[in-house]
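Shown next: data-v7.pdb, given as PDB, C-alpha atoms, pLDDT in the B column.
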ATOM      1  CA  MET M  14     138.352 123.184 127.101  1.00 47.00           C
ATOM      2  CA  THR M  15     140.182 120.208 125.626  1.00 45.00           C
ATOM      3  CA  THR M  16     139.260 118.700 122.284  1.00 42.00           C
ATOM      4  CA  SER M  17     137.859 115.590 123.962  1.00 41.00           C
ATOM      5  CA  GLY M  18     135.841 117.743 126.390  1.00 41.00           C
ATOM      6  CA  LEU M  19     134.468 119.783 123.496  1.00 38.00           C
ATOM      7  CA  PHE M  20     133.550 116.571 121.658  1.00 35.00           C
ATOM      8  CA  ARG M  21     131.737 115.200 124.740  1.00 39.00           C
ATOM      9  CA  SER M  22     129.799 118.474 125.077  1.00 39.00           C
ATOM     10  CA  PHE M  23     128.858 118.407 121.402  1.00 36.00           C
ATOM     11  CA  ARG M  24     127.853 114.756 121.580  1.00 38.00           C
ATOM     12  CA  PHE M  25     125.680 115.400 124.647  1.00 38.00           C
ATOM     13  CA  GLY M  26     124.136 118.478 123.027  1.00 40.00           C
ATOM     14  CA  ALA M  27     123.393 116.617 119.806  1.00 40.00           C
ATOM     15  CA  ALA M  28     121.790 113.729 121.706  1.00 39.00           C
ATOM     16  CA  ALA M  29     119.665 116.130 123.763  1.00 38.00           C
ATOM     17  CA  MET M  30     118.595 117.975 120.626  1.00 36.00           C
ATOM     18  CA  ALA M  31     117.657 114.733 118.876  1.00 35.00           C
ATOM     19  CA  ALA M  32     115.611 113.645 121.900  1.00 34.00           C
ATOM     20  CA  ALA M  33     113.851 117.014 121.994  1.00 33.00           C
ATOM     21  CA  LEU M  34     113.026 116.844 118.294  1.00 32.00           C
ATOM     22  CA  LEU M  35     111.628 113.339 118.696  1.00 34.00           C
ATOM     23  CA  ALA M  36     109.514 114.487 121.628  1.00 34.00           C
ATOM     24  CA  LEU M  37     108.184 117.439 119.649  1.00 33.00           C
ATOM     25  CA  GLY M  38     107.294 115.209 116.737  1.00 37.00           C
ATOM     26  CA  SER M  39     105.718 112.372 118.662  1.00 37.00           C
ATOM     27  CA  GLY M  40     102.144 111.769 117.642  1.00 39.00           C
ATOM     28  CA  SER M  41     102.450 113.786 114.443  1.00 42.00           C
ATOM     29  CA  ALA M  42     104.866 111.740 112.403  1.00 54.00           C
ATOM     30  CA  LEU M  43     105.875 108.148 112.090  1.00 59.00           C
ATOM     31  CA  ALA M  44     109.181 106.998 113.463  1.00 64.00           C
ATOM     32  CA  ALA M  45     111.521 105.261 111.049  1.00 58.00           C
ATOM     33  CA  GLY M  46     110.338 101.750 110.294  1.00 61.00           C
ATOM     34  CA  GLN M  47     106.782 102.360 111.520  1.00 80.00           C
ATOM     35  CA  ASN M  48     103.586 102.238 109.529  1.00 90.00           C
ATOM     36  CA  LEU M  49     100.067 103.502 110.143  1.00 90.00           C
ATOM     37  CA  ALA M  50      99.031 100.360 112.031  1.00 93.00           C
ATOM     38  CA  ASP M  51     101.999 100.844 114.389  1.00 93.00           C
ATOM     39  CA  ARG M  52     100.848 104.416 115.004  1.00 92.00           C
ATOM     40  CA  HIS M  53      97.360 103.234 115.934  1.00 93.00           C
ATOM     41  CA  VAL M  54      98.697 100.508 118.242  1.00 93.00           C
ATOM     42  CA  ALA M  55     100.949 103.080 119.942  1.00 94.00           C
ATOM     43  CA  ARG M  56      97.789 105.070 120.707  1.00 94.00           C
ATOM     44  CA  GLY M  57      96.193 102.079 122.421  1.00 95.00           C
ATOM     45  CA  MET M  58      94.113 100.608 119.600  1.00 93.00           C
ATOM     46  CA  LYS M  59      93.912  96.875 119.115  1.00 92.00           C
ATOM     47  CA  CYS M  60      93.769  95.060 115.764  1.00 92.00           C
ATOM     48  CA  ASP M  61      90.026  94.427 116.129  1.00 91.00           C
ATOM     49  CA  ALA M  62      89.357  98.164 116.062  1.00 90.00           C
ATOM     50  CA  CYS M  63      89.697  97.855 112.268  1.00 90.00           C
ATOM     51  CA  HIS M  64      89.688  94.099 111.622  1.00 90.00           C
ATOM     52  CA  VAL M  65      86.835  91.661 112.291  1.00 89.00           C
ATOM     53  CA  SER M  66      89.068  89.644 114.609  1.00 87.00           C
ATOM     54  CA  ALA M  67      91.902  90.374 117.013  1.00 86.00           C
ATOM     55  CA  SER M  68      94.230  88.338 114.798  1.00 84.00           C
ATOM     56  CA  GLY M  69      93.717  90.608 111.773  1.00 82.00           C
ATOM     57  CA  GLY M  70      92.264  89.452 108.474  1.00 85.00           C
ATOM     58  CA  ALA M  71      89.205  91.060 106.921  1.00 85.00           C
ATOM     59  CA  LEU M  72      88.366  94.675 107.671  1.00 86.00           C
ATOM     60  CA  LYS M  73      85.102  95.609 109.378  1.00 86.00           C
ATOM     61  CA  ALA M  74      84.046  98.068 106.666  1.00 81.00           C
ATOM     62  CA  ALA M  75      86.045  97.028 103.620  1.00 67.00           C
ATOM     63  CA  ASP M  76      83.251  97.589 101.096  1.00 63.00           C
ATOM     64  CA  THR M  77      82.973 101.371 101.424  1.00 67.00           C
ATOM     65  CA  ASP M  78      85.024 104.049  99.644  1.00 64.00           C
ATOM     66  CA  TYR M  79      86.456 105.212 102.931  1.00 77.00           C
ATOM     67  CA  GLY M  80      86.707 101.784 104.466  1.00 79.00           C
ATOM     68  CA  VAL M  81      87.061 101.387 108.151  1.00 88.00           C
ATOM     69  CA  CYS M  82      88.897 104.750 108.378  1.00 91.00           C
ATOM     70  CA  ALA M  83      85.616 106.721 108.328  1.00 89.00           C
ATOM     71  CA  THR M  84      84.462 104.915 111.459  1.00 88.00           C
ATOM     72  CA  CYS M  85      86.814 107.069 113.551  1.00 91.00           C
ATOM     73  CA  HIS M  86      88.007 109.816 111.216  1.00 92.00           C
ATOM     74  CA  GLY M  87      84.739 110.731 109.488  1.00 90.00           C
ATOM     75  CA  ASP M  88      83.906 110.944 105.802  1.00 88.00           C
ATOM     76  CA  TYR M  89      86.006 112.699 103.177  1.00 88.00           C
ATOM     77  CA  GLN M  90      84.476 116.139 103.809  1.00 92.00           C
ATOM     78  CA  LYS M  91      85.221 115.769 107.513  1.00 93.00           C
ATOM     79  CA  MET M  92      88.895 114.985 106.720  1.00 93.00           C
ATOM     80  CA  ILE M  93      89.094 118.099 104.529  1.00 94.00           C
ATOM     81  CA  GLU M  94      87.844 120.158 107.467  1.00 95.00           C
ATOM     82  CA  LYS M  95      90.152 118.412 109.991  1.00 94.00           C
ATOM     83  CA  THR M  96      93.276 118.942 107.878  1.00 94.00           C
ATOM     84  CA  ALA M  97      92.545 122.448 106.532  1.00 95.00           C
ATOM     85  CA  ALA M  98      94.372 124.336 109.296  1.00 94.00           C
ATOM     86  CA  LYS M  99      97.432 122.089 109.074  1.00 91.00           C
ATOM     87  CA  HIS M 100      97.943 122.898 105.393  1.00 92.00           C
ATOM     88  CA  LYS M 101      96.690 126.505 105.390  1.00 91.00           C
ATOM     89  CA  ASP M 102     100.120 128.124 105.733  1.00 90.00           C
ATOM     90  CA  SER M 103     102.199 125.289 104.266  1.00 90.00           C
ATOM     91  CA  GLY M 104     102.371 126.676 100.730  1.00 90.00           C
ATOM     92  CA  GLN M 105     100.809 123.442  99.499  1.00 93.00           C
ATOM     93  CA  PRO M 106      97.152 122.566  99.034  1.00 94.00           C
ATOM     94  CA  ASN M 107      95.339 120.373 101.499  1.00 95.00           C
ATOM     95  CA  PRO M 108      95.822 116.888 100.003  1.00 94.00           C
ATOM     96  CA  HIS M 109      92.316 115.884 101.090  1.00 94.00           C
ATOM     97  CA  ALA M 110      90.791 118.837  99.196  1.00 93.00           C
ATOM     98  CA  GLN M 111      92.393 118.034  95.863  1.00 89.00           C
ATOM     99  CA  HIS M 112      91.043 118.051  92.314  1.00 93.00           C
ATOM    100  CA  ASP M 113      90.728 114.259  91.856  1.00 91.00           C
ATOM    101  CA  GLY M 114      87.736 114.194  94.185  1.00 86.00           C
ATOM    102  CA  ALA M 115      87.066 111.934  97.134  1.00 87.00           C
ATOM    103  CA  LEU M 116      89.684 109.223  96.741  1.00 89.00           C
ATOM    104  CA  PRO M 117      89.578 106.053  98.837  1.00 89.00           C
ATOM    105  CA  CYS M 118      91.740 106.543 101.945  1.00 90.00           C
ATOM    106  CA  THR M 119      93.882 103.594 100.886  1.00 89.00           C
ATOM    107  CA  GLU M 120      95.052 105.472  97.809  1.00 91.00           C
ATOM    108  CA  CYS M 121      97.578 107.177 100.129  1.00 93.00           C
ATOM    109  CA  HIS M 122      97.269 105.510 103.535  1.00 92.00           C
ATOM    110  CA  LYS M 123      98.415 101.884 103.415  1.00 90.00           C
ATOM    111  CA  ALA M 124      97.990 100.768 107.053  1.00 89.00           C
ATOM    112  CA  HIS M 125     100.614  98.015 107.185  1.00 92.00           C
ATOM    113  CA  LYS M 126     102.984  99.532 104.590  1.00 93.00           C
ATOM    114  CA  PRO M 127     104.480 103.024 104.170  1.00 92.00           C
ATOM    115  CA  GLY M 128     102.019 105.677 102.988  1.00 93.00           C
ATOM    116  CA  VAL M 129     102.146 106.989  99.412  1.00 94.00           C
ATOM    117  CA  ASN M 130     102.143 110.616  98.276  1.00 95.00           C
ATOM    118  CA  TYR M 131      99.481 110.240  95.562  1.00 95.00           C
ATOM    119  CA  CYS M 132      99.831 113.911  94.536  1.00 95.00           C
ATOM    120  CA  ALA M 133     103.525 113.411  93.687  1.00 95.00           C
ATOM    121  CA  GLN M 134     102.542 111.453  90.585  1.00 95.00           C
ATOM    122  CA  CYS M 135     101.962 114.797  88.865  1.00 96.00           C
ATOM    123  CA  HIS M 136     102.991 117.519  91.320  1.00 95.00           C
ATOM    124  CA  SER M 137     106.078 118.345  93.342  1.00 94.00           C
ATOM    125  CA  PHE M 138     104.143 118.610  96.619  1.00 92.00           C
ATOM    126  CA  VAL M 139     105.886 117.041  99.571  1.00 92.00           C
ATOM    127  CA  TYR M 140     103.574 115.406 102.076  1.00 91.00           C
ATOM    128  CA  LYS M 141     104.472 113.091 104.956  1.00 89.00           C
ATOM    129  CA  VAL M 142     101.835 110.442 104.515  1.00 91.00           C
ATOM    130  CA  PRO M 143     101.123 108.311 107.576  1.00 88.00           C
TER     131      PRO M 143
END
Starting from the file, lay out its structure as structure tokens.
Amino acid sequence: MTTSGLFRSFRFGAAAMAAALLALGSGSALAAGQNLADRHVARGMKCDACHVSASGGALKAADTDYGVCATCHGDYQKMIEKTAAKHKDSGQPNPHAQHDGALPCTECHKAHKPGVNYCAQCHSFVYKVP
């Protein structure tokens, strides 16, 4: 095989591998440049699922510790249960079952901005925060 033929094969293989990895990760991680709101829209939700109007603005349940998130995702205990299996074999604790208690969802999840790894303030845990 010529050098250019080898390069074309490698390039095709790398592109196919990248596409496969993206397909495997779809739904579980955010693509570059996306935020949590983008993830919800990609799953068919409209702005008024969380906001009082379709144009955004105030949240429907802004005055609670868990905000509008609990409407669909359940309270803090429910999130601990939902995420337990995901973190069981990760070598890191479940970030929802942490020692600072039931934090507001927005401590980590920022909706229209990148999420924040709250635990990293003190620990070296690595979490992908949607």
ask   = Which one of M:Gln134, M:Ser68, M:Thr96, M:Ser103 sits closest to Cys121 of chain M if you count all atoms listed in the file?
value =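 Between M:Gln134, M:Ser68, M:Thr96, M:Ser103, the residue approaching Cys121 of chain M most closely is M:Gln134.
Nearest residue to Tyr140 of chain M among M:Cys60, M:Ala71, M:Ala115, M:Gln105 is M:Gln105, counting only C-alpha atoms.
Nearest-residue note for His100 of chain M: choosing from M:Val139, M:Cys85, M:Pro117, M:Cys63, the minimum distance belongs to M:Val139, counting all atoms listed in the file.
One finds atom CA of Val142 of chain M at 17.2 Å from atom CA of Val54 of chain M.
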ask   = Just so the selection is clear, what residues does the PyMOL selection byres ((chain M and resi 49) around 9) cover here, as a list in words?
value = Leu43, Gln47, Asn48, Ala50, Asp51, Arg52, His53, Val54, His122, Lys123, Ala124, His125, Lys126, Pro127, Gly128 and Pro143 of chain M
Where atoms are missing, can you supply N, CA and C atoms for segment 64-87 of chain M and output the lot as a compact mmCIF listing (two decimals), in the coordinates of the input?
# COMPACT_ATOMS: atom_id res chain seq x y z
N HIS M 64 89.89 95.43 112.18
CA HIS M 64 89.69 94.10 111.62
C HIS M 64 88.57 93.38 112.35
N VAL M 65 87.94 92.40 111.68
CA VAL M 65 86.84 91.66 112.29
C VAL M 65 87.29 90.76 113.42
N SER M 66 88.58 90.44 113.49
CA SER M 66 89.07 89.64 114.61
C SER M 66 90.36 90.24 115.16
N ALA M 67 90.69 89.87 116.36
CA ALA M 67 91.90 90.37 117.01
C ALA M 67 93.17 89.88 116.32
N SER M 68 93.05 88.86 115.50
CA SER M 68 94.23 88.34 114.80
C SER M 68 94.40 88.95 113.41
N GLY M 69 93.59 89.95 113.07
CA GLY M 69 93.72 90.61 111.77
C GLY M 69 92.73 90.04 110.77
N GLY M 70 93.15 89.98 109.52
CA GLY M 70 92.26 89.45 108.47
C GLY M 70 91.37 90.52 107.90
N ALA M 71 90.14 90.16 107.59
CA ALA M 71 89.20 91.06 106.92
C ALA M 71 88.94 92.32 107.75
N LEU M 72 88.70 93.41 107.02
CA LEU M 72 88.37 94.68 107.67
C LEU M 72 86.87 94.73 107.96
N LYS M 73 86.51 95.49 108.98
CA LYS M 73 85.10 95.61 109.38
C LYS M 73 84.26 96.32 108.32
N ALA M 74 84.82 97.28 107.63
CA ALA M 74 84.05 98.07 106.67
C ALA M 74 84.77 98.16 105.33
N ALA M 75 85.21 97.04 104.82
CA ALA M 75 86.04 97.03 103.62
C ALA M 75 85.31 97.42 102.34
N ASP M 76 83.98 97.37 102.33
CA ASP M 76 83.25 97.59 101.10
C ASP M 76 82.86 99.04 100.84
N THR M 77 83.31 99.97 101.64
CA THR M 77 82.97 101.37 101.42
C THR M 77 84.17 102.11 100.85
N ASP M 78 83.94 103.25 100.22
CA ASP M 78 85.02 104.05 99.64
C ASP M 78 86.04 104.48 100.69
N TYR M 79 85.58 104.71 101.89
CA TYR M 79 86.46 105.21 102.93
C TYR M 79 86.85 104.11 103.90
N GLY M 80 86.34 102.92 103.65
CA GLY M 80 86.71 101.78 104.47
C GLY M 80 86.45 102.01 105.93
N VAL M 81 87.21 101.33 106.71
CA VAL M 81 87.06 101.39 108.15
C VAL M 81 87.56 102.73 108.70
N CYS M 82 88.33 103.46 107.93
CA CYS M 82 88.90 104.75 108.38
C CYS M 82 87.81 105.73 108.82
N ALA M 83 86.70 105.77 108.05
CA ALA M 83 85.62 106.72 108.33
C ALA M 83 84.94 106.46 109.67
N THR M 84 85.06 105.25 110.17
CA THR M 84 84.46 104.92 111.46
C THR M 84 84.94 105.87 112.54
N CYS M 85 86.24 106.17 112.54
CA CYS M 85 86.81 107.07 113.55
C CYS M 85 87.11 108.47 113.01
N HIS M 86 87.53 108.55 111.76
CA HIS M 86 88.01 109.82 111.22
C HIS M 86 86.95 110.62 110.47
N GLY M 87 85.80 110.03 110.21
CA GLY M 87 84.74 110.73 109.49
C GLY M 87 84.87 110.57 107.98
